[in-house]
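Reviewing the structure listed below.
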Amino acid sequence: MSNQDETPEYRLRRELPEEVPAKAPEVPAPPVAAEPGLTGRQRLAQGLWPPRVSRAQLIVALLLFGLGFGLAVQVASNSEGDSALRGARQEDLVRILDELDDRTQRLEDEKAGLEKQRDELENSSDQAEEARKQTLEKERQLGILAGTVAAQGPGITMTIEDTKGTVEADMLLDAIQELRAAGAEAIQVNGVRVVASTYLTGSGQSVSVDGNKIDAPFRFKVIGKPQDLEPALNIPGGVVQTLEKEQATVTVERSTKIVVDALRAAKQPDYARSSSE
């Protein structure tokens with residue numbers, strides 16, 4: 001080792017790290033100008049228009065609209081019906097309920113009759129023969145109503161004695177209408193069959209039924225349920241009381257067998273034709 005290496009200056013230089021050249025400071029790059037963007041309102045407008053609606057969404061919208069319209073109509077109709085019944089009197093509500101019950105019972109009876117006919121046709125060994133029997137029975141029933149065939153059954157006989165000649169034709173017509181309303185199925189007045197087209201004219205001793213003159217006493221032969229026919233004639237202010245006010249004498253007798261044998265010739269209608277022709 002030389003004396004130069006042992007000098008303090010040389011030892012100090014050897015202990016220090018080697019000098020590192022300083023780096024030049026980095027110059028930041030100039031900022032790039034940002035591309036002008038859209039505002040939030042413009043982006044919202046572009047997202048909403050034009051609308052992008054698929055076919056499935058359109059069908060669902062139409063179905064929902066139809067369902068809502070139907071519900072609105074149903075609610076409106078129910079509200080109208082409820083408001084009409086809400087303002088009705090108790091007597092009217094009872095009458096409406098009775099009419100609904102009667103209509104329901106008639107429909108049930110008609111349904112039972114049709115089901116019985118169906119069962120008879122299905123269970124009959126000879127369906128053609130059964131259909132022929134039903135056709136003949138229907139023809140007989142229509143013949144009774146039209147007056148072309150005789151009929152018999154339970155009913156009443158009403159006799160009107162008019163010695164004063166005060167009984168008018170309209171009084172006899174009222175009696176016929178009252179009997180029909182009570183369920184009369186066949187009526188005969190002094191040998192003249194009463195049908196749907198029957199009319200009465202005249203008064204007193206010159207009363208005519210469908211152009212056939214009849215004389216007092218006036219005798220009604222009526223087939224129907226006696227328990228309904230007789231009370232209908234004797235109601236307060238009804239047929240019997242009206243005739244008695246005119247000094248006529250009225251007697252009503254029930255019977256288990258009344259024969260209505262006066263017939264009417266079948267008349268061919270001038271204009272009406274069957275819709276099946």
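Scheme for the structure tokens: letters A, B, ... for chains in order shown; per-chain residue numbers from 1; ligand numbers from 1 in order shown.
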
Would you kindly return, as a ChimeraX atom specification, each protein, DNA or RNA residue with an atom no farther than 8 Å from any atom of Thr148 of chain A, considering only C-alpha atoms and excluding same-chain residues fewer than 5 positions away?
/A:143,263-266

Skip Leu179 of chain A itself and residues of its chain fewer than 6 positions away, then list as a list in words all residues within 8 Å of it, counting only C-alpha atoms.
Leu229, Ala232 and Leu233 of chain A

Next, write the just-selected residues to a file, as a PDB file, in the first residue's frame, keeping N, CA, C and O atoms as the atom set.
ATOM      1  N   LEU A 229    -159.177 -22.118 -10.990  1.00  0.00           N
ATOM      2  CA  LEU A 229    -160.176 -21.443 -11.823  1.00  0.00           C
ATOM      3  C   LEU A 229    -161.268 -20.781 -10.980  1.00  0.00           C
ATOM      4  O   LEU A 229    -161.607 -19.605 -11.209  1.00  0.00           O
ATOM      5  N   ALA A 232    -160.241 -17.609  -9.023  1.00  0.00           N
ATOM      6  CA  ALA A 232    -159.964 -16.484  -9.917  1.00  0.00           C
ATOM      7  C   ALA A 232    -161.244 -15.751 -10.308  1.00  0.00           C
ATOM      8  O   ALA A 232    -161.232 -14.532 -10.514  1.00  0.00           O
ATOM      9  N   LEU A 233    -162.360 -16.472 -10.393  1.00  0.00           N
ATOM     10  CA  LEU A 233    -163.631 -15.833 -10.741  1.00  0.00           C
ATOM     11  C   LEU A 233    -164.261 -15.123  -9.556  1.00  0.00           C
ATOM     12  O   LEU A 233    -165.025 -14.167  -9.728  1.00  0.00           O
TER      13      LEU A 233
END

Those in segment 85-240 of chain A with alpha helix (DSSP H) from DSSP, as JSON, numbers by chain:
{"A": [85, 86, 90, 91, 92, 93, 94, 95, 96, 97, 98, 99, 100, 101, 102, 103, 104, 105, 106, 107, 108, 109, 110, 111, 112, 113, 114, 115, 116, 117, 118, 119, 120, 121, 122, 123, 127, 128, 129, 130, 131, 132, 133, 134, 135, 136, 137, 138, 139, 140, 141, 142, 143, 144, 145, 146, 169, 170, 171, 172, 173, 174, 175, 176, 177, 178, 179, 180, 181, 226, 227, 228, 229, 230, 231, 232, 233, 239, 240]}

12 Å contact set for Arg118 of chain A, only C-alpha atoms, chain neighbours under 4 positions out, as a count of residues only:
11

What are the closest atom pairs, with distances in Å to one decimal, for each residue of segment 79-166 of chain A lying within 10 Å of segment 246-259 of chain A, using only C-alpha atoms, rows by chain and rising residue number, as JSON lines?
{"residue": "A:Ala150", "atom": "CA", "partner": "A:Val259", "partner_atom": "CA", "distance": 7.6}
{"residue": "A:Ala151", "atom": "CA", "partner": "A:Val259", "partner_atom": "CA", "distance": 6.0}
{"residue": "A:Gln152", "atom": "CA", "partner": "A:Val259", "partner_atom": "CA", "distance": 4.4}
{"residue": "A:Gly153", "atom": "CA", "partner": "A:Lys257", "partner_atom": "CA", "distance": 4.8}
{"residue": "A:Pro154", "atom": "CA", "partner": "A:Thr256", "partner_atom": "CA", "distance": 4.2}
{"residue": "A:Gly155", "atom": "CA", "partner": "A:Ser255", "partner_atom": "CA", "distance": 5.6}
{"residue": "A:Ile156", "atom": "CA", "partner": "A:Arg254", "partner_atom": "CA", "distance": 4.4}
{"residue": "A:Thr157", "atom": "CA", "partner": "A:Glu253", "partner_atom": "CA", "distance": 5.3}
{"residue": "A:Met158", "atom": "CA", "partner": "A:Val252", "partner_atom": "CA", "distance": 4.5}
{"residue": "A:Thr159", "atom": "CA", "partner": "A:Thr251", "partner_atom": "CA", "distance": 5.4}
{"residue": "A:Ile160", "atom": "CA", "partner": "A:Val250", "partner_atom": "CA", "distance": 4.7}
{"residue": "A:Glu161", "atom": "CA", "partner": "A:Thr249", "partner_atom": "CA", "distance": 5.0}
{"residue": "A:Asp162", "atom": "CA", "partner": "A:Ala248", "partner_atom": "CA", "distance": 4.9}
{"residue": "A:Thr163", "atom": "CA", "partner": "A:Ala248", "partner_atom": "CA", "distance": 7.1}
{"residue": "A:Lys164", "atom": "CA", "partner": "A:Gln247", "partner_atom": "CA", "distance": 7.1}
{"residue": "A:Gly165", "atom": "CA", "partner": "A:Ala248", "partner_atom": "CA", "distance": 8.5}
{"residue": "A:Thr166", "atom": "CA", "partner": "A:Glu246", "partner_atom": "CA", "distance": 6.0}
